[in-house]
$ cat work-v2.cif   # mmCIF, C-alpha atoms and all ligand atoms; chains and numbers go by the auth columns
data_final
#
loop_
_atom_site.group_PDB
_atom_site.id
_atom_site.type_symbol
_atom_site.label_atom_id
_atom_site.label_comp_id
_atom_site.label_asym_id
_atom_site.label_seq_id
_atom_site.Cartn_x
_atom_site.Cartn_y
_atom_site.Cartn_z
_atom_site.B_iso_or_equiv
_atom_site.auth_seq_id
_atom_site.auth_asym_id
ATOM 1 C CA MET A 1 112.154 89.164 90.242 0.00 133 A
ATOM 2 C CA LYS A 2 112.409 92.364 88.233 0.00 134 A
ATOM 3 C CA ALA A 3 109.306 94.575 88.405 0.00 135 A
ATOM 4 C CA ALA A 4 107.382 95.034 85.162 0.00 136 A
ATOM 5 C CA PRO A 5 108.460 98.135 83.190 0.00 137 A
ATOM 6 C CA VAL A 6 106.376 101.299 83.448 0.00 138 A
ATOM 7 C CA VAL A 7 105.926 104.197 81.024 0.00 139 A
ATOM 8 C CA ALA A 8 104.691 107.224 83.008 0.00 140 A
ATOM 9 C CA ILE A 9 102.735 109.907 81.160 0.00 141 A
ATOM 10 C CA ASP A 10 101.992 113.028 83.194 0.00 142 A
ATOM 11 C CA GLY A 11 100.655 116.422 82.270 0.00 143 A
ATOM 12 C CA PRO A 12 97.951 119.018 82.810 0.00 144 A
ATOM 13 C CA THR A 13 94.234 118.548 82.321 0.00 145 A
ATOM 14 C CA ALA A 14 93.095 117.756 78.758 0.00 146 A
ATOM 15 C CA SER A 15 96.632 117.517 77.387 0.00 147 A
ATOM 16 C CA GLY A 16 95.680 114.264 75.667 0.00 148 A
ATOM 17 C CA LYS A 17 97.299 111.955 78.223 0.00 149 A
ATOM 18 C CA GLY A 18 94.392 109.514 78.215 0.00 150 A
ATOM 19 C CA ALA A 19 94.252 109.017 74.441 0.00 151 A
ATOM 20 C CA VAL A 20 98.051 108.930 74.128 0.00 152 A
ATOM 21 C CA SER A 21 98.411 106.448 76.989 0.00 153 A
ATOM 22 C CA GLU A 22 95.725 104.126 75.627 0.00 154 A
ATOM 23 C CA GLY A 23 97.374 104.226 72.200 0.00 155 A
ATOM 24 C CA VAL A 24 100.827 103.522 73.628 0.00 156 A
ATOM 25 C CA ALA A 25 99.493 100.675 75.806 0.00 157 A
ATOM 26 C CA ALA A 26 97.741 99.127 72.787 0.00 158 A
ATOM 27 C CA ALA A 27 100.863 99.428 70.582 0.00 159 A
ATOM 28 C CA LEU A 28 103.098 97.823 73.224 0.00 160 A
ATOM 29 C CA GLY A 29 100.464 95.288 74.350 0.00 161 A
ATOM 30 C CA TRP A 30 100.742 96.561 77.938 0.00 162 A
ATOM 31 C CA HIS A 31 98.232 97.307 80.713 0.00 163 A
ATOM 32 C CA TYR A 32 96.895 100.824 81.169 0.00 164 A
ATOM 33 C CA LEU A 33 96.277 102.781 84.377 0.00 165 A
ATOM 34 C CA ASP A 34 94.094 105.891 84.178 0.00 166 A
ATOM 35 C CA SER A 35 94.926 107.263 87.625 0.00 167 A
ATOM 36 C CA GLY A 36 92.664 110.281 87.100 0.00 168 A
ATOM 37 C CA ALA A 37 89.720 107.849 86.968 0.00 169 A
ATOM 38 C CA LEU A 38 90.517 106.844 90.566 0.00 170 A
ATOM 39 C CA TYR A 39 90.354 110.482 91.715 0.00 171 A
ATOM 40 C CA ARG A 40 87.145 110.914 89.738 0.00 172 A
ATOM 41 C CA LEU A 41 85.685 107.741 91.328 0.00 173 A
ATOM 42 C CA VAL A 42 86.405 109.066 94.803 0.00 174 A
ATOM 43 C CA GLY A 43 84.891 112.392 93.697 0.00 175 A
ATOM 44 C CA LEU A 44 81.724 110.656 92.514 0.00 176 A
ATOM 45 C CA ALA A 45 81.502 108.498 95.655 0.00 177 A
ATOM 46 C CA ALA A 46 81.985 111.608 97.831 0.00 178 A
ATOM 47 C CA LEU A 47 79.275 113.571 96.002 0.00 179 A
ATOM 48 C CA ARG A 48 76.883 110.645 96.404 0.00 180 A
ATOM 49 C CA ALA A 49 77.717 110.008 100.068 0.00 181 A
ATOM 50 C CA GLY A 50 77.707 113.686 100.997 0.00 182 A
ATOM 51 C CA VAL A 51 81.368 113.677 102.071 0.00 183 A
ATOM 52 C CA GLY A 52 82.728 117.236 101.744 0.00 184 A
ATOM 53 C CA HIS A 53 85.755 118.255 99.656 0.00 185 A
ATOM 54 C CA ASP A 54 87.214 119.647 102.887 0.00 186 A
ATOM 55 C CA ASP A 55 87.128 116.344 104.811 0.00 187 A
ATOM 56 C CA PRO A 56 90.522 114.653 104.161 0.00 188 A
ATOM 57 C CA GLN A 57 89.954 111.735 106.539 0.00 189 A
ATOM 58 C CA GLY A 58 86.432 111.042 105.284 0.00 190 A
ATOM 59 C CA LEU A 59 87.743 111.078 101.702 0.00 191 A
ATOM 60 C CA ALA A 60 90.676 108.790 102.535 0.00 192 A
ATOM 61 C CA GLY A 61 88.183 106.388 104.173 0.00 193 A
ATOM 62 C CA LEU A 62 86.057 106.407 101.029 0.00 194 A
ATOM 63 C CA ALA A 63 89.144 105.767 98.883 0.00 195 A
ATOM 64 C CA GLN A 64 90.224 102.833 101.034 0.00 196 A
ATOM 65 C CA GLY A 65 86.838 101.155 100.836 0.00 197 A
ATOM 66 C CA LEU A 66 86.288 101.873 97.131 0.00 198 A
ATOM 67 C CA ASP A 67 85.031 98.768 95.297 0.00 199 A
ATOM 68 C CA VAL A 68 86.458 99.452 91.817 0.00 200 A
ATOM 69 C CA ARG A 69 86.748 97.214 88.805 0.00 201 A
ATOM 70 C CA PHE A 70 88.287 98.237 85.477 0.00 202 A
ATOM 71 C CA ASP A 71 86.931 96.038 82.701 0.00 203 A
ATOM 72 C CA GLY A 72 87.387 96.353 78.957 0.00 204 A
ATOM 73 C CA GLY A 73 87.803 100.126 78.874 0.00 205 A
ATOM 74 C CA GLY A 74 84.947 100.683 81.357 0.00 206 A
ATOM 75 C CA VAL A 75 84.920 101.159 85.114 0.00 207 A
ATOM 76 C CA ARG A 76 82.566 99.797 87.758 0.00 208 A
ATOM 77 C CA LEU A 77 81.904 101.196 91.211 0.00 209 A
ATOM 78 C CA ALA A 78 80.309 98.593 93.495 0.00 210 A
ATOM 79 C CA GLY A 79 79.170 96.739 90.369 0.00 211 A
ATOM 80 C CA GLU A 80 77.560 99.778 88.700 0.00 212 A
ATOM 81 C CA ASP A 81 78.962 100.941 85.348 0.00 213 A
ATOM 82 C CA VAL A 82 80.034 104.545 86.055 0.00 214 A
ATOM 83 C CA SER A 83 82.273 105.004 82.972 0.00 215 A
ATOM 84 C CA ALA A 84 80.115 107.902 81.726 0.00 216 A
ATOM 85 C CA ALA A 85 79.189 109.340 85.151 0.00 217 A
ATOM 86 C CA ILE A 86 82.820 109.940 86.176 0.00 218 A
ATOM 87 C CA ARG A 87 83.393 112.090 83.051 0.00 219 A
ATOM 88 C CA ALA A 88 80.801 114.698 84.099 0.00 220 A
ATOM 89 C CA THR A 89 82.226 118.185 84.668 0.00 221 A
ATOM 90 C CA GLU A 90 81.011 118.338 88.319 0.00 222 A
ATOM 91 C CA VAL A 91 82.793 115.068 89.066 0.00 223 A
ATOM 92 C CA GLY A 92 86.005 116.335 87.424 0.00 224 A
ATOM 93 C CA ALA A 93 85.796 119.534 89.454 0.00 225 A
ATOM 94 C CA MET A 94 85.294 117.550 92.680 0.00 226 A
ATOM 95 C CA ALA A 95 88.225 115.266 91.761 0.00 227 A
ATOM 96 C CA SER A 96 90.447 118.279 91.191 0.00 228 A
ATOM 97 C CA ARG A 97 89.406 119.823 94.539 0.00 229 A
ATOM 98 C CA ILE A 98 89.975 116.694 96.615 0.00 230 A
ATOM 99 C CA ALA A 99 93.215 115.614 94.898 0.00 231 A
ATOM 100 C CA GLY A 100 95.195 118.032 97.069 0.00 232 A
ATOM 101 C CA HIS A 101 94.618 116.015 100.257 0.00 233 A
ATOM 102 C CA ALA A 102 97.664 113.960 101.229 0.00 234 A
ATOM 103 C CA PRO A 103 95.713 111.237 103.152 0.00 235 A
ATOM 104 C CA LEU A 104 93.571 110.588 100.077 0.00 236 A
ATOM 105 C CA ARG A 105 96.623 110.386 97.810 0.00 237 A
ATOM 106 C CA ALA A 106 98.257 107.962 100.257 0.00 238 A
ATOM 107 C CA ALA A 107 95.120 105.796 100.299 0.00 239 A
ATOM 108 C CA LEU A 108 95.282 105.456 96.501 0.00 240 A
ATOM 109 C CA LEU A 109 99.004 104.704 96.259 0.00 241 A
ATOM 110 C CA ASP A 110 98.964 100.904 96.741 0.00 242 A
ATOM 111 C CA ARG A 111 95.928 100.535 94.505 0.00 243 A
ATOM 112 C CA GLN A 112 97.860 102.181 91.671 0.00 244 A
ATOM 113 C CA ARG A 113 101.071 100.227 92.249 0.00 245 A
ATOM 114 C CA ALA A 114 99.122 96.941 92.349 0.00 246 A
ATOM 115 C CA LEU A 115 98.264 97.436 88.667 0.00 247 A
ATOM 116 C CA ARG A 116 101.915 97.087 87.662 0.00 248 A
ATOM 117 C CA ARG A 117 101.963 93.684 85.966 0.00 249 A
ATOM 118 C CA PRO A 118 103.913 92.010 83.143 0.00 250 A
ATOM 119 C CA PRO A 119 104.476 92.660 80.346 0.00 251 A
ATOM 120 C CA GLY A 120 104.309 96.322 81.410 0.00 252 A
ATOM 121 C CA LEU A 121 102.142 99.272 82.432 0.00 253 A
ATOM 122 C CA VAL A 122 101.430 102.638 80.849 0.00 254 A
ATOM 123 C CA ALA A 123 100.313 104.954 83.669 0.00 255 A
ATOM 124 C CA ASP A 124 98.691 108.325 83.076 0.00 256 A
ATOM 125 C CA GLY A 125 98.227 111.111 85.627 0.00 257 A
ATOM 126 C CA ARG A 126 99.918 114.001 87.379 0.00 258 A
ATOM 127 C CA ASP A 127 102.448 112.243 89.624 0.00 259 A
ATOM 128 C CA MET A 128 103.129 108.915 87.894 0.00 260 A
ATOM 129 C CA GLY A 129 106.793 109.713 87.219 0.00 261 A
ATOM 130 C CA THR A 130 107.443 111.747 90.369 0.00 262 A
ATOM 131 C CA VAL A 131 105.664 109.773 93.132 0.00 263 A
ATOM 132 C CA VAL A 132 103.886 106.572 92.115 0.00 264 A
ATOM 133 C CA PHE A 133 106.439 105.016 89.722 0.00 265 A
ATOM 134 C CA PRO A 134 109.711 106.918 90.196 0.00 266 A
ATOM 135 C CA ASP A 135 111.583 104.004 88.563 0.00 267 A
ATOM 136 C CA ALA A 136 109.577 104.186 85.292 0.00 268 A
ATOM 137 C CA ILE A 137 111.770 103.357 82.264 0.00 269 A
ATOM 138 C CA LEU A 138 110.313 106.352 80.432 0.00 270 A
ATOM 139 C CA LYS A 139 108.665 109.492 81.799 0.00 271 A
ATOM 140 C CA ILE A 140 106.775 111.772 79.462 0.00 272 A
ATOM 141 C CA PHE A 141 105.508 115.206 80.430 0.00 273 A
ATOM 142 C CA LEU A 142 102.794 116.012 77.920 0.00 274 A
ATOM 143 C CA THR A 143 101.629 119.592 77.460 0.00 275 A
ATOM 144 C CA ALA A 144 99.658 121.652 74.958 0.00 276 A
ATOM 145 C CA ALA A 145 98.519 125.277 74.815 0.00 277 A
ATOM 146 C CA VAL A 146 95.537 125.857 77.136 0.00 278 A
ATOM 147 C CA GLU A 147 93.308 127.022 74.227 0.00 279 A
ATOM 148 C CA VAL A 148 93.979 123.804 72.320 0.00 280 A
ATOM 149 C CA ARG A 149 93.311 121.736 75.429 0.00 281 A
ATOM 150 C CA ALA A 150 89.979 123.561 75.955 0.00 282 A
ATOM 151 C CA GLU A 151 88.949 122.825 72.362 0.00 283 A
ATOM 152 C CA ARG A 152 89.849 119.158 72.683 0.00 284 A
ATOM 153 C CA ARG A 153 87.923 118.833 75.946 0.00 285 A
ATOM 154 C CA TYR A 154 84.948 120.634 74.379 0.00 286 A
ATOM 155 C CA LYS A 155 84.788 118.147 71.504 0.00 287 A
ATOM 156 C CA GLN A 156 85.156 115.210 73.892 0.00 288 A
ATOM 157 C CA LEU A 157 82.288 116.399 76.134 0.00 289 A
ATOM 158 C CA ILE A 158 79.949 117.166 73.234 0.00 290 A
ATOM 159 C CA GLU A 159 80.651 113.733 71.715 0.00 291 A
ATOM 160 C CA LYS A 160 79.723 112.146 75.041 0.00 292 A
ATOM 161 C CA GLY A 161 76.433 114.057 75.090 0.00 293 A
ATOM 162 C CA PHE A 162 77.364 116.551 77.847 0.00 294 A
ATOM 163 C CA SER A 163 76.669 120.259 77.331 0.00 295 A
ATOM 164 C CA ALA A 164 79.625 122.648 77.530 0.00 296 A
ATOM 165 C CA THR A 165 80.846 126.064 76.375 0.00 297 A
ATOM 166 C CA LEU A 166 84.401 126.928 75.378 0.00 298 A
ATOM 167 C CA THR A 167 84.532 129.988 77.651 0.00 299 A
ATOM 168 C CA ASP A 168 83.533 127.980 80.729 0.00 300 A
ATOM 169 C CA LEU A 169 85.947 125.205 79.829 0.00 301 A
ATOM 170 C CA LEU A 170 88.874 127.576 79.401 0.00 302 A
ATOM 171 C CA HIS A 171 88.135 129.054 82.817 0.00 303 A
ATOM 172 C CA ASP A 172 87.778 125.574 84.348 0.00 304 A
ATOM 173 C CA LEU A 173 91.063 124.332 82.807 0.00 305 A
ATOM 174 C CA ARG A 174 92.997 127.344 84.098 0.00 306 A
ATOM 175 C CA GLU A 175 91.562 126.789 87.589 0.00 307 A
ATOM 176 C CA ARG A 176 92.536 123.114 87.485 0.00 308 A
ATOM 177 C CA ASP A 177 96.030 123.903 86.245 0.00 309 A
ATOM 178 C CA ARG A 178 96.400 126.302 89.147 0.00 310 A
ATOM 179 C CA ARG A 179 95.160 123.788 91.735 0.00 311 A
ATOM 180 C CA ASP A 180 97.278 120.964 90.273 0.00 312 A
ATOM 181 C CA THR A 181 100.509 122.960 90.200 0.00 313 A
ATOM 182 C CA GLU A 182 100.097 124.918 93.445 0.00 314 A
ATOM 183 C CA ARG A 183 99.113 122.099 95.802 0.00 315 A
ATOM 184 C CA ALA A 184 101.604 120.886 98.380 0.00 316 A
ATOM 185 C CA ALA A 185 100.911 117.135 97.982 0.00 317 A
ATOM 186 C CA ALA A 186 102.338 115.687 94.743 0.00 318 A
ATOM 187 C CA PRO A 187 101.992 118.871 92.672 0.00 319 A
ATOM 188 C CA LEU A 188 101.934 118.647 88.899 0.00 320 A
ATOM 189 C CA VAL A 189 105.560 119.062 87.875 0.00 321 A
ATOM 190 C CA ALA A 190 107.738 117.355 85.286 0.00 322 A
ATOM 191 C CA ALA A 191 110.082 114.757 86.800 0.00 323 A
ATOM 192 C CA LYS A 192 113.735 115.795 86.423 0.00 324 A
ATOM 193 C CA ASP A 193 114.297 112.911 84.004 0.00 325 A
ATOM 194 C CA ALA A 194 111.064 113.429 82.014 0.00 326 A
ATOM 195 C CA VAL A 195 110.953 113.989 78.254 0.00 327 A
ATOM 196 C CA LEU A 196 108.853 117.091 77.521 0.00 328 A
ATOM 197 C CA VAL A 197 106.402 116.642 74.655 0.00 329 A
ATOM 198 C CA ASP A 198 104.280 119.547 73.421 0.00 330 A
ATOM 199 C CA SER A 199 101.277 118.253 71.491 0.00 331 A
ATOM 200 C CA THR A 200 99.903 121.660 70.429 0.00 332 A
ATOM 201 C CA GLU A 201 100.892 121.069 66.813 0.00 333 A
ATOM 202 C CA ARG A 202 101.189 117.293 66.792 0.00 334 A
ATOM 203 C CA SER A 203 98.439 114.850 65.960 0.00 335 A
ATOM 204 C CA LEU A 204 97.473 112.067 68.343 0.00 336 A
ATOM 205 C CA SER A 205 99.133 109.402 66.194 0.00 337 A
ATOM 206 C CA GLU A 206 102.359 111.425 65.940 0.00 338 A
ATOM 207 C CA VAL A 207 102.573 111.663 69.711 0.00 339 A
ATOM 208 C CA ILE A 208 101.790 107.956 70.154 0.00 340 A
ATOM 209 C CA ASP A 209 104.494 106.966 67.625 0.00 341 A
ATOM 210 C CA LEU A 210 107.015 109.232 69.324 0.00 342 A
ATOM 211 C CA VAL A 211 106.354 107.759 72.783 0.00 343 A
ATOM 212 C CA VAL A 212 106.284 104.142 71.547 0.00 344 A
ATOM 213 C CA GLY A 213 109.623 104.711 69.786 0.00 345 A
ATOM 214 C CA LEU A 214 111.203 106.138 72.937 0.00 346 A
ATOM 215 C CA ALA A 215 109.823 103.263 75.048 0.00 347 A
ATOM 216 C CA ARG A 216 111.146 100.585 72.652 0.00 348 A
ATOM 217 C CA ASP A 217 114.610 102.194 72.731 0.00 349 A
ATOM 218 C CA ARG A 218 114.686 101.703 76.491 0.00 350 A
ATOM 219 C CA LEU A 219 113.502 98.103 76.710 0.00 351 A
HETATM 220 O O1 LIG B . 90.417 114.879 82.633 0.00 401 A
HETATM 221 P P1 LIG B . 91.479 115.589 83.379 0.00 401 A
HETATM 222 O O2 LIG B . 92.809 115.537 82.702 0.00 401 A
HETATM 223 O O3 LIG B . 91.097 116.925 83.863 0.00 401 A
HETATM 224 O O4 LIG B . 91.605 114.862 84.731 0.00 401 A
HETATM 225 P P2 LIG B . 91.859 113.377 85.109 0.00 401 A
HETATM 226 O O5 LIG B . 93.195 112.933 84.603 0.00 401 A
HETATM 227 O O6 LIG B . 90.683 112.545 84.809 0.00 401 A
HETATM 228 O O7 LIG B . 91.978 113.571 86.707 0.00 401 A
HETATM 229 C C1 LIG B . 90.960 114.175 87.469 0.00 401 A
HETATM 230 C C2 LIG B . 91.598 115.005 88.587 0.00 401 A
HETATM 231 O O8 LIG B . 92.353 114.141 89.446 0.00 401 A
HETATM 232 C C3 LIG B . 92.584 116.055 88.085 0.00 401 A
HETATM 233 O O9 LIG B . 91.999 117.325 88.062 0.00 401 A
HETATM 234 C C4 LIG B . 93.755 116.024 89.059 0.00 401 A
HETATM 235 O O10 LIG B . 93.701 117.086 89.959 0.00 401 A
HETATM 236 C C5 LIG B . 93.578 114.726 89.821 0.00 401 A
HETATM 237 N N1 LIG B . 94.673 113.763 89.605 0.00 401 A
HETATM 238 C C6 LIG B . 95.746 113.783 90.453 0.00 401 A
HETATM 239 O O11 LIG B . 95.811 114.610 91.338 0.00 401 A
HETATM 240 N N2 LIG B . 96.731 112.850 90.334 0.00 401 A
HETATM 241 C C7 LIG B . 96.700 111.937 89.362 0.00 401 A
HETATM 242 N N3 LIG B . 97.684 111.056 89.269 0.00 401 A
HETATM 243 C C8 LIG B . 95.621 111.921 88.455 0.00 401 A
HETATM 244 C C9 LIG B . 94.615 112.852 88.596 0.00 401 A
#
$ encode --input "work-v2.cif" --output "structure tokens" --more "lines below"
Ligand code: CDP
Amino acid sequence: MKAAPVVAIDGPTASGKGAVSEGVAAALGWHYLDSGALYRLVGLAALRAGVGHDDPQGLAGLAQGLDVRFDGGGVRLAGEDVSAAIRATEVGAMASRIAGHAPLRAALLDRQRALRRPPGLVADGRDMGTVVFPDAILKIFLTAAVEVRAERRYKQLIEKGFSATLTDLLHDLRERDRRDTERAAAPLVAAKDAVLVDSTERSLSEVIDLVVGLARDRL
């Protein structure tokens, strides 16, 4: 049996991957994997359990035992709705710090691949096209200028009721970009066969239409 098709959307923090991927999944009628949510869930579980960011085996153990359920746009950890909690800045920072550990990444691999189901999957993250779904029918590498990404993240956090300042966010984004691109395990890099899309001057719906068009051409 042929595996369900995958559209992989990778890129740096706050490049709009989440919104683009949800829009593309809705337009195609496909499933959606927010892989960053898995790293954030492990981050939240680690903060709660007191497992350090420098404990790769402890973190991999947490990831293996993680009781996660994605339902209707929300996410549950051991039954508790943590959709809002995983978006907190501290949780994002913890996720970014722990994502460099190879044993943790390995522990999350099967969980991500298990979400590949007909009629198809749109997967968003850092290594969807390079590591998790190398046979994706379409790989997008989505970028935007760091200042624009900081502004978008600022609006998103304020809308969700978190406090934030643009200066802190810009600093945080640059740090995350550095950690994501410099790590040894699955660094953030465009797959050789990825289509580069810069969303600095494109609206969300323009980017969604572009990606949906490219995906339909390849089906
Ligand atoms: O919201 P933001 O784009 O910063 O992050 P996210 O997509 O929610 O992911 C949270 C963290 O998990 C990121 O800072 C990445 O370092 C990490 N991550 C990863 O290493 N690999 C993925 N496939 C997805 C996220």
$ residues_near_ligand --input "work-v2.cif" --ligand "ligand LIG 401 (chain A)" --cutoff "8 Å" --atoms "all atoms listed in the file" --output "PDB file with C-alpha atoms, keeping the file's coordinate frame"
ATOM      1  CA  ASP A 142     101.992 113.028  83.194  1.00  0.00           C
ATOM      2  CA  GLY A 143     100.655 116.422  82.270  1.00  0.00           C
ATOM      3  CA  PRO A 144      97.951 119.018  82.810  1.00  0.00           C
ATOM      4  CA  THR A 145      94.234 118.548  82.321  1.00  0.00           C
ATOM      5  CA  ALA A 146      93.095 117.756  78.758  1.00  0.00           C
ATOM      6  CA  SER A 147      96.632 117.517  77.387  1.00  0.00           C
ATOM      7  CA  GLY A 148      95.680 114.264  75.667  1.00  0.00           C
ATOM      8  CA  LYS A 149      97.299 111.955  78.223  1.00  0.00           C
ATOM      9  CA  GLY A 150      94.392 109.514  78.215  1.00  0.00           C
ATOM     10  CA  ASP A 166      94.094 105.891  84.178  1.00  0.00           C
ATOM     11  CA  SER A 167      94.926 107.263  87.625  1.00  0.00           C
ATOM     12  CA  GLY A 168      92.664 110.281  87.100  1.00  0.00           C
ATOM     13  CA  ALA A 169      89.720 107.849  86.968  1.00  0.00           C
ATOM     14  CA  LEU A 170      90.517 106.844  90.566  1.00  0.00           C
ATOM     15  CA  TYR A 171      90.354 110.482  91.715  1.00  0.00           C
ATOM     16  CA  ARG A 172      87.145 110.914  89.738  1.00  0.00           C
ATOM     17  CA  ARG A 219      83.393 112.090  83.051  1.00  0.00           C
ATOM     18  CA  GLY A 224      86.005 116.335  87.424  1.00  0.00           C
ATOM     19  CA  ALA A 225      85.796 119.534  89.454  1.00  0.00           C
ATOM     20  CA  MET A 226      85.294 117.550  92.680  1.00  0.00           C
ATOM     21  CA  ALA A 227      88.225 115.266  91.761  1.00  0.00           C
ATOM     22  CA  SER A 228      90.447 118.279  91.191  1.00  0.00           C
ATOM     23  CA  ARG A 229      89.406 119.823  94.539  1.00  0.00           C
ATOM     24  CA  ILE A 230      89.975 116.694  96.615  1.00  0.00           C
ATOM     25  CA  ALA A 231      93.215 115.614  94.898  1.00  0.00           C
ATOM     26  CA  GLY A 232      95.195 118.032  97.069  1.00  0.00           C
ATOM     27  CA  ARG A 237      96.623 110.386  97.810  1.00  0.00           C
ATOM     28  CA  ASP A 256      98.691 108.325  83.076  1.00  0.00           C
ATOM     29  CA  GLY A 257      98.227 111.111  85.627  1.00  0.00           C
ATOM     30  CA  ARG A 258      99.918 114.001  87.379  1.00  0.00           C
ATOM     31  CA  ASP A 259     102.448 112.243  89.624  1.00  0.00           C
ATOM     32  CA  MET A 260     103.129 108.915  87.894  1.00  0.00           C
ATOM     33  CA  LEU A 305      91.063 124.332  82.807  1.00  0.00           C
ATOM     34  CA  ARG A 308      92.536 123.114  87.485  1.00  0.00           C
ATOM     35  CA  ASP A 309      96.030 123.903  86.245  1.00  0.00           C
ATOM     36  CA  ARG A 311      95.160 123.788  91.735  1.00  0.00           C
ATOM     37  CA  ASP A 312      97.278 120.964  90.273  1.00  0.00           C
ATOM     38  CA  ALA A 318     102.338 115.687  94.743  1.00  0.00           C
ATOM     39  CA  PRO A 319     101.992 118.871  92.672  1.00  0.00           C
ATOM     40  CA  LEU A 320     101.934 118.647  88.899  1.00  0.00           C
TER      41      LEU A 320
END
$ closest_residue --input "work-v2.cif" --among "A:Ala268, A:Ala140, A:Leu302, A:Val152" --to "Ser335 (chain A)" --atoms "all atoms listed in the file"
A:Val152
$ closest_residue --input "work-v2.cif" --among "A:Lys324, A:Arg249, A:Lys292, A:His303" --to "Ser215 (chain A)" --atoms "all atoms listed in the file"
A:Lys292
$ residues_around --input "work-v2.cif" --residues "Ala246 (chain A)" --least-positions-apart "2" --cutoff "12 Å" --atoms "only C-alpha atoms" --output "ChimeraX atom specification"
/A:135-136,163,165,240-244,248-250,253,255,264-265
$ closest_residue --input "work-v2.cif" --among "A:Asp325, A:Asp330, A:Asp199, A:Asp341" --to "Leu270 (chain A)" --atoms "only C-alpha atoms"
A:Asp325
$ atom_distance --input "work-v2.cif" --atom1 "CA of Val254 (chain A)" --atom2 "CA of Tyr286 (chain A)"
25.2 Å
$ closest_residue --input "work-v2.cif" --among "A:Gln288, A:Gln189, A:Thr299, A:Thr262" --to "Ala151 (chain A)" --atoms "only C-alpha atoms"
A:Gln288
$ atom_distance --input "work-v2.cif" --atom1 "CA of Val183 (chain A)" --atom2 "CA of Ala296 (chain A)"
26.2 Å
